[in-house]
>>> print(open('protein-v3.txt').read())   # compact mmCIF, C-alpha atoms
# COMPACT_ATOMS: atom_id res chain seq x y z
CA MET A 1 122.25 92.16 58.76
CA PRO A 2 121.49 91.41 62.45
CA VAL A 3 119.11 93.67 64.34
CA THR A 4 120.38 95.12 67.59
CA LEU A 5 118.66 97.09 70.34
CA THR A 6 119.92 100.50 71.43
CA SER A 7 118.87 102.19 74.64
CA PRO A 8 118.06 101.52 77.39
CA HIS A 9 121.57 100.10 77.56
CA THR A 10 122.30 96.87 79.40
CA THR A 11 125.51 94.92 79.76
CA GLY A 12 126.44 91.27 79.78
CA ALA A 13 123.55 88.82 79.78
CA GLN A 14 121.02 91.45 80.87
CA THR A 15 119.17 91.92 77.59
CA VAL A 16 116.18 94.26 77.42
CA GLY A 17 113.82 91.28 77.26
CA ARG A 18 115.37 89.68 80.33
CA VAL A 19 115.23 92.92 82.31
CA MET A 20 111.57 93.41 81.41
CA ALA A 21 110.82 89.80 82.36
CA TRP A 22 112.31 90.38 85.83
CA VAL A 23 110.22 93.55 86.20
CA LEU A 24 107.07 91.61 85.33
CA ALA A 25 108.01 88.91 87.82
CA ALA A 26 108.52 91.53 90.54
CA LEU A 27 105.06 92.96 89.84
CA ILE A 28 103.34 89.64 90.53
CA PRO A 29 103.10 89.87 94.37
CA GLY A 30 101.51 93.32 94.24
CA ALA A 31 99.15 92.31 91.44
CA VAL A 32 98.02 89.21 93.36
CA VAL A 33 97.28 91.28 96.48
CA LEU A 34 95.30 93.85 94.47
CA ILE A 35 93.21 91.13 92.83
CA ALA A 36 92.60 89.39 96.16
CA SER A 37 91.70 92.64 97.93
CA PHE A 38 89.70 94.54 95.32
CA SER A 39 88.14 92.10 92.84
CA TRP A 40 89.06 90.39 89.61
CA GLY A 41 89.04 93.78 87.90
CA TYR A 42 92.80 94.13 88.14
CA GLY A 43 93.33 90.72 86.55
CA ILE A 44 90.84 91.41 83.77
CA ASN A 45 92.39 94.80 83.06
CA LEU A 46 95.86 93.24 82.98
CA VAL A 47 94.80 90.74 80.30
CA LEU A 48 92.95 93.42 78.33
CA ALA A 49 95.80 95.93 78.56
CA ILE A 50 98.52 93.45 77.60
CA ALA A 51 96.54 92.11 74.63
CA THR A 52 95.88 95.66 73.40
CA ALA A 53 99.53 96.63 73.88
CA LEU A 54 100.84 93.67 71.89
CA LEU A 55 98.43 94.35 69.02
CA ALA A 56 99.25 98.07 68.98
CA GLU A 57 102.98 97.37 69.22
CA ALA A 58 102.83 94.87 66.33
CA LEU A 59 100.84 97.28 64.16
CA MET A 60 103.19 100.20 64.78
CA LEU A 61 106.27 98.06 64.16
CA LYS A 62 104.74 96.86 60.90
CA LEU A 63 103.95 100.43 59.82
CA ARG A 64 107.49 101.52 60.69
CA GLY A 65 109.06 98.64 58.79
CA ARG A 66 110.59 97.04 61.88
CA PRO A 67 110.84 93.28 62.57
CA VAL A 68 107.69 92.58 64.59
CA GLY A 69 108.69 89.33 66.29
CA PHE A 70 112.11 90.60 67.34
CA PHE A 71 110.82 93.71 69.08
CA LEU A 72 107.75 92.07 70.62
CA LYS A 73 110.11 89.75 72.49
CA ASP A 74 111.68 92.66 74.40
CA LEU A 75 108.45 92.78 76.52
CA SER A 76 108.63 96.57 76.90
CA ALA A 77 105.04 96.94 75.67
CA VAL A 78 103.88 94.31 78.16
CA VAL A 79 105.54 96.15 81.07
CA THR A 80 103.95 99.45 80.02
CA ALA A 81 100.54 97.81 79.80
CA ALA A 82 100.94 96.07 83.16
CA LEU A 83 101.93 99.28 84.95
CA LEU A 84 98.97 101.16 83.48
CA ALA A 85 96.51 98.35 84.28
CA LEU A 86 97.67 98.23 87.91
CA ALA A 87 97.33 102.02 88.21
CA LEU A 88 93.81 102.25 86.75
CA PRO A 89 90.64 101.71 88.80
CA PRO A 90 89.81 97.99 88.72
CA LEU A 91 86.18 98.55 87.71
CA ALA A 92 86.84 101.13 84.99
CA PRO A 93 85.02 100.42 81.69
CA TRP A 94 86.97 98.32 79.21
CA TRP A 95 87.33 101.09 76.66
CA LEU A 96 89.12 103.31 79.18
CA THR A 97 91.87 100.69 79.57
CA VAL A 98 92.12 100.17 75.81
CA LEU A 99 92.28 103.93 75.15
CA GLY A 100 95.00 104.39 77.77
CA VAL A 101 97.14 101.60 76.33
CA LEU A 102 96.80 102.99 72.80
CA VAL A 103 97.91 106.42 74.00
CA ALA A 104 100.90 104.89 75.79
CA ILE A 105 102.07 102.62 72.95
CA VAL A 106 101.12 104.51 69.79
CA PHE A 107 101.56 108.15 70.75
CA THR A 108 103.96 108.25 73.69
CA LYS A 109 106.26 105.45 72.60
CA HIS A 110 106.28 104.97 68.83
CA LEU A 111 105.61 108.51 67.64
CA PHE A 112 108.73 109.52 69.55
CA GLY A 113 110.80 106.82 67.85
CA GLY A 114 110.15 103.66 69.84
CA LEU A 115 111.92 102.04 72.76
CA GLY A 116 114.66 104.22 74.19
CA HIS A 117 113.49 107.47 72.58
CA ASN A 118 110.40 108.47 74.56
CA PRO A 119 111.13 111.47 76.84
CA PHE A 120 108.10 110.76 79.04
CA ASN A 121 106.95 107.64 80.85
CA PRO A 122 104.31 106.13 78.50
CA ALA A 123 102.12 104.63 81.23
CA MET A 124 102.01 107.90 83.17
CA VAL A 125 101.22 109.99 80.08
CA ALA A 126 98.25 107.71 79.44
CA TYR A 127 97.13 107.79 83.09
CA ALA A 128 97.33 111.59 83.30
CA LEU A 129 95.41 112.01 80.04
CA LEU A 130 92.64 109.68 81.21
CA LEU A 131 92.46 111.40 84.60
CA VAL A 132 92.09 114.84 83.05
CA SER A 133 89.66 113.67 80.35
CA PHE A 134 87.49 111.31 82.42
CA PRO A 135 87.84 112.44 86.06
CA MET A 136 84.60 110.83 87.23
CA LEU A 137 85.46 107.37 85.91
CA MET A 138 89.03 107.63 87.18
CA THR A 139 88.07 108.60 90.74
CA THR A 140 84.87 106.65 91.47
CA ARG A 141 85.48 103.18 89.99
CA TRP A 142 87.71 101.89 92.81
CA ALA A 143 86.36 98.60 94.18
CA ASN A 144 85.19 98.47 97.77
CA PRO A 145 87.39 95.91 99.60
CA ASP A 146 84.49 94.90 101.88
CA LEU A 147 82.41 93.53 99.01
CA SER A 148 83.53 90.45 97.12
CA LEU A 149 82.60 90.33 93.44
CA SER A 150 82.66 87.17 91.38
CA ILE A 151 84.55 87.17 88.10
CA VAL A 152 81.22 87.12 86.23
CA GLU A 153 79.95 90.17 88.14
CA THR A 154 83.24 91.97 87.55
CA LEU A 155 83.16 91.23 83.81
CA GLY A 156 79.61 92.55 83.70
CA ILE A 157 80.60 95.85 85.32
CA ILE A 158 83.65 96.34 83.09
CA PHE A 159 82.08 95.38 79.76
CA SER A 160 78.39 96.25 80.14
CA GLY A 161 78.92 99.96 80.66
CA VAL A 162 76.38 99.92 83.49
CA GLN A 163 77.20 102.03 86.54
CA PRO A 164 77.94 99.75 89.54
CA ILE A 165 75.38 99.77 92.34
CA ASP A 166 76.06 101.91 95.40
CA GLY A 167 78.56 100.36 97.78
CA VAL A 168 80.44 98.39 95.13
CA THR A 169 82.71 101.27 94.16
CA GLY A 170 84.04 104.33 95.90
CA ALA A 171 87.02 106.60 96.40
CA THR A 172 90.54 105.64 97.50
CA PRO A 173 91.68 106.08 101.13
CA LEU A 174 93.81 109.07 100.12
CA ASP A 175 90.79 110.73 98.53
CA VAL A 176 88.57 109.98 101.52
CA TYR A 177 91.07 111.39 104.02
CA LYS A 178 91.76 114.51 101.97
CA THR A 179 88.03 115.20 101.58
CA ASP A 180 87.06 114.58 105.20
CA VAL A 181 90.00 116.18 107.03
CA ASP A 182 88.48 119.65 106.59
CA ARG A 183 85.47 118.72 108.75
CA LEU A 184 86.53 115.73 110.86
CA VAL A 185 89.43 114.82 113.14
CA ALA A 186 91.67 111.85 112.38
CA ALA A 187 89.93 109.47 114.81
CA GLU A 188 86.60 110.10 113.08
CA ILE A 189 88.02 109.78 109.57
CA LEU A 190 89.64 106.45 110.36
CA GLN A 191 86.25 104.99 111.24
CA SER A 192 85.60 104.69 107.51
CA PRO A 193 85.78 101.05 106.36
CA VAL A 194 88.33 101.94 103.66
CA PHE A 195 91.03 102.25 106.36
CA GLY A 196 90.58 98.85 107.97
CA ASN A 197 92.72 97.87 110.99
CA PHE A 198 96.17 98.84 109.71
CA VAL A 199 96.62 101.88 107.42
CA ALA A 200 94.37 101.51 104.37
CA LYS A 201 92.49 98.27 103.83
CA GLY A 202 94.04 96.32 100.97
CA TRP A 203 96.26 99.18 99.88
CA ASP A 204 98.72 98.75 102.74
CA ILE A 205 99.39 95.08 101.97
CA ALA A 206 99.60 95.86 98.25
CA ASN A 207 102.20 98.55 98.89
CA LEU A 208 104.23 96.15 101.03
CA ALA A 209 104.00 93.59 98.21
CA PHE A 210 105.29 96.14 95.69
CA LEU A 211 108.03 97.04 98.17
CA PHE A 212 108.98 93.36 98.27
CA GLY A 213 109.04 93.29 94.47
CA GLY A 214 111.17 96.42 94.42
CA VAL A 215 113.70 94.92 96.83
CA PHE A 216 113.84 91.90 94.52
CA LEU A 217 114.70 94.20 91.59
CA LEU A 218 117.44 95.78 93.70
CA TYR A 219 118.79 92.32 94.54
CA LYS A 220 118.81 91.38 90.85
CA ARG A 221 120.48 94.73 90.05
CA ILE A 222 117.74 95.61 87.60
CA ILE A 223 117.41 99.02 89.28
CA THR A 224 119.61 100.97 91.69
CA TRP A 225 118.58 102.26 95.10
CA HIS A 226 118.97 105.95 94.27
CA ILE A 227 115.53 106.81 92.84
CA PRO A 228 113.36 104.69 95.20
CA VAL A 229 115.17 105.83 98.35
CA SER A 230 115.29 109.51 97.36
CA LEU A 231 111.62 109.47 96.29
CA LEU A 232 110.51 108.00 99.62
CA ALA A 233 112.83 110.41 101.42
CA GLY A 234 111.36 113.43 99.63
CA LEU A 235 107.79 112.32 100.30
CA GLY A 236 108.60 111.38 103.90
CA LEU A 237 110.37 114.65 104.66
CA MET A 238 107.47 116.72 103.35
CA ALA A 239 104.99 114.66 105.36
CA LEU A 240 107.06 115.03 108.54
CA LEU A 241 107.28 118.80 108.03
CA PHE A 242 103.67 119.50 107.08
CA SER A 243 101.59 116.47 108.14
CA TRP A 244 102.79 115.97 111.71
CA ASP A 245 99.23 116.72 112.86
CA ALA A 246 96.92 114.04 111.40
CA ASP A 247 93.90 116.17 112.30
CA LEU A 248 94.99 118.72 109.73
CA ARG A 249 96.56 116.78 106.86
CA THR A 250 97.06 113.25 105.56
CA PRO A 251 99.63 111.47 107.79
CA LEU A 252 102.90 109.93 106.65
CA SER A 253 101.68 106.34 107.02
CA LEU A 254 98.85 106.92 104.57
CA HIS A 255 101.15 108.69 102.11
CA LEU A 256 103.46 105.67 102.11
CA LEU A 257 100.92 102.83 102.18
CA GLY A 258 97.59 104.29 101.06
CA GLY A 259 98.12 104.88 97.36
CA ALA A 260 100.52 103.97 94.56
CA THR A 261 103.66 105.11 96.36
CA MET A 262 105.67 101.86 96.30
CA LEU A 263 104.61 101.07 92.75
CA ALA A 264 105.83 104.54 91.77
CA ALA A 265 109.09 104.37 93.72
CA PHE A 266 110.32 101.01 92.43
CA PHE A 267 108.57 100.44 89.10
CA ILE A 268 107.45 103.74 87.54
CA ALA A 269 109.98 106.39 88.54
CA THR A 270 112.87 104.00 87.77
CA ASP A 271 112.05 103.85 84.04
CA PRO A 272 115.58 103.97 82.54
CA VAL A 273 114.55 105.96 79.47
CA SER A 274 112.69 108.94 80.95
CA ALA A 275 114.55 109.23 84.29
CA ALA A 276 117.86 110.86 85.11
CA THR A 277 120.87 108.63 84.46
CA SER A 278 123.78 109.55 86.75
CA ASN A 279 123.65 108.40 90.36
CA LYS A 280 123.69 111.96 91.67
CA GLY A 281 121.06 112.92 89.12
CA LYS A 282 118.85 110.00 90.18
CA LEU A 283 118.93 111.27 93.77
CA VAL A 284 117.75 114.72 92.68
CA TYR A 285 115.19 113.24 90.29
CA GLY A 286 113.68 110.86 92.83
CA PHE A 287 113.62 113.45 95.61
CA GLY A 288 111.81 115.87 93.29
CA ILE A 289 109.15 113.28 92.51
CA GLY A 290 108.60 112.62 96.21
CA VAL A 291 108.22 116.32 96.99
CA LEU A 292 105.82 116.84 94.08
CA ILE A 293 103.71 113.84 95.10
CA TYR A 294 103.19 115.40 98.52
CA LEU A 295 102.50 118.88 97.17
CA ILE A 296 99.93 117.71 94.62
CA ARG A 297 98.26 115.29 97.02
CA THR A 298 97.97 117.93 99.70
CA TRP A 299 97.15 121.12 97.81
CA GLY A 300 96.27 119.92 94.32
CA ASN A 301 93.02 118.56 92.92
CA TYR A 302 94.14 114.93 92.66
CA PRO A 303 94.63 112.67 95.71
CA ASP A 304 97.22 110.35 94.15
CA ALA A 305 99.66 112.54 92.25
CA VAL A 306 102.18 109.99 90.98
CA ALA A 307 101.52 110.50 87.27
CA PHE A 308 101.83 114.29 87.36
CA ALA A 309 104.88 114.21 89.65
CA VAL A 310 106.71 111.74 87.39
CA LEU A 311 105.86 113.64 84.20
CA LEU A 312 106.98 116.97 85.66
CA MET A 313 110.30 115.45 86.63
CA ASN A 314 110.58 113.81 83.20
CA PHE A 315 110.72 117.37 81.87
CA THR A 316 113.67 118.14 84.14
CA ALA A 317 115.63 114.92 83.58
CA PRO A 318 117.83 116.29 80.72
CA PHE A 319 118.57 119.41 82.77
CA ILE A 320 119.45 117.31 85.84
CA ASP A 321 121.68 115.06 83.75
CA HIS A 322 123.48 118.06 82.30
CA TYR A 323 124.42 119.40 85.72
CA THR A 324 125.17 116.09 87.42
CA ARG A 325 127.55 114.58 84.90
CA PRO A 326 130.04 112.20 86.52
CA ARG A 327 133.72 112.96 86.20
CA VAL A 328 135.16 111.75 82.89
CA TYR A 329 138.03 109.33 83.31
CA GLY A 330 141.27 111.30 83.12
CA GLN A 331 139.68 114.60 84.17
CA SER A 332 140.17 116.15 87.59
CA LYS A 333 136.51 117.19 87.90
CA ALA A 334 133.19 116.78 86.13
CA VAL A 335 132.26 119.15 83.33
CA LYS A 336 129.18 121.10 84.40
CA GLY A 337 127.14 123.91 82.94
CA PHE A 338 127.30 125.29 79.42
CA LYS A 339 130.76 125.68 77.92
CA HIS A 340 131.71 127.86 74.99
CA ASP A 341 134.43 126.45 72.76
CA GLY A 342 135.09 129.69 70.93
>>> encode(input="protein-v3.txt", output="structure tokens")
Amino acid sequence: MPVTLTSPHTTGAQTVGRVMAWVLAALIPGAVVLIASFSWGYGINLVLAIATALLAEALMLKLRGRPVGFFLKDLSAVVTAALLALALPPLAPWWLTVLGVLVAIVFTKHLFGGLGHNPFNPAMVAYALLLVSFPMLMTTRWANPDLSLSIVETLGIIFSGVQPIDGVTGATPLDVYKTDVDRLVAAEILQSPVFGNFVAKGWDIANLAFLFGGVFLLYKRIITWHIPVSLLAGLGLMALLFSWDADLRTPLSLHLLGGATMLAAFFIATDPVSAATSNKGKLVYGFGIGVLIYLIRTWGNYPDAVAFAVLLMNFTAPFIDHYTRPRVYGQSKAVKGFKHDG
């Protein structure tokens, strides 16, 4: 009997494996910029995360009695691993990456039934768990873009367990701005080397690269525009309303290009399994993520709030879908709310 894949549903020649392959291809420009700007750590973590994901995926498929080779070819585990590796600090210890991938693949994906059944984004569940459990490692192992590390030095930091010397690692631009804005004005804060000459050294070009990859996915019709545009609109509107004075709060430019915003908008929030499904629902879902990112970044304890914003909106996705159902063919209007048949 042939084995077929269920959700996420695709039509025509767009198989799950082909869709995932296009997503991986679209991630390449951003990944290259991150490696070039912040050390080989991103590349090493990508290899480590993908290898761990494939092993964990194969083991879980074997334990569940599923055909290992068939499901490994859908590349969903590779995409999850790649997204997590690109979100983690590049100089985090190796075991942190491995632990995160195991949480994503084993617990968040397979214990909920496998591909198409997980209610939460696996990569973001893993990231949030690591951030809460190991806040020091997750906030201080970001590579300094002004210092170039060889691949040997980077491997030593990741696998030796030795704390990097001062100046090699530090906080992200979002974290620096949020910490310093209470005592300094914008002109003084921007003197920090993490901001460079544009918006945020290395991060701005990486975000533009992920934006380029996202536009490519739109062109290939792998994703629709609704979630990325509404997410950026929600984040942008909040920044315009509350961050118009850069001496008081993080400005819009840094919100858009200083963290993981473009990666979130085009690659993370658009996960077809855990996001809303109708076009109207996607607009609400994406806008909610954008608003939450701003709220958590500004008044929460974490400078880059993508994981928490996405997970909170994952909770609401079924509710959003219920109230944004499209009109059924043959009906004069969409069925909304709870109906009693009695």
>>> closest_residue(input="protein-v3.txt", among="A:Val273, A:Val291, A:Ala21, A:Ala51", to="Pro119 of chain A", atoms="only C-alpha atoms")
A:Val273
>>> closest_atom_pairs(input="protein-v3.txt", of="segment 240-273 of chain A", to="segment 171-191 of chain A", cutoff="7 Å", atoms="only C-alpha atoms", output="tab-separated table")
residue	atom	partner	partner_atom	distance
A:Ala246	CA	A:Ala186	CA	5.8
A:Asp247	CA	A:Val185	CA	4.7
A:Leu248	CA	A:Val181	CA	6.2
A:Arg249	CA	A:Val181	CA	6.6
A:Thr250	CA	A:Tyr177	CA	6.5
A:Gly258	CA	A:Leu174	CA	6.2
A:Gly259	CA	A:Leu174	CA	6.6
>>> axis_aligned_box(input="protein-v3.txt", around="segment 234-253 of chain A", padding_each_side="6 Å", output="lines of an AutoDock Vina configuration file")
center_x = 102.6
center_y = 112.9
center_z = 106.2
size_x = 29.5
size_y = 25.2
size_z = 25.2
>>> closest_atom_pairs(input="protein-v3.txt", of="segment 26-138 of chain A", to="segment 205-226 of chain A", cutoff="6 Å", atoms="all atoms listed in the file", output="Markdown table")
| residue | atom | partner | partner_atom | distance |
| --- | --- | --- | --- | --- |
| A:Ala26 | CA | A:Gly213 | CA | 4.3 |
| A:Pro29 | CA | A:Ala209 | CA | 5.4 |
| A:Gly30 | CA | A:Ala209 | CA | 4.7 |
| A:Val33 | CA | A:Ala206 | CA | 5.4 |
>>> closest_residue(input="protein-v3.txt", among="A:Asn45, A:Asn144, A:Asn118, A:Thr108", to="Leu83 of chain A", atoms="only C-alpha atoms")
A:Asn45
>>> closest_residue(input="protein-v3.txt", among="A:Leu137, A:Ala104, A:Val152, A:Ala200", to="Val125 of chain A", atoms="all atoms listed in the file")
A:Ala104
>>> atom_distance(input="protein-v3.txt", atom1="atom CA of Arg66 of chain A", atom2="atom CA of Ala126 of chain A")
24.0 Å
>>> residues_around(input="protein-v3.txt", residues="Leu91 of chain A", least_positions_apart="2", cutoff="7 Å", atoms="only C-alpha atoms", output="PyMOL selection string")
chain A and resi 41+89+93+141-143+157-158
>>> atom_distance(input="protein-v3.txt", atom1="atom CA of Ala56 of chain A", atom2="atom CA of Thr270 of chain A")
24.0 Å
>>> closest_residue(input="protein-v3.txt", among="A:Leu295, A:Val310, A:Leu54, A:Val78", to="Ala265 of chain A", atoms="only C-alpha atoms")
A:Val310
>>> atom_distance(input="protein-v3.txt", atom1="atom CA of Gly170 of chain A", atom2="atom CA of Ala260 of chain A")
16.5 Å
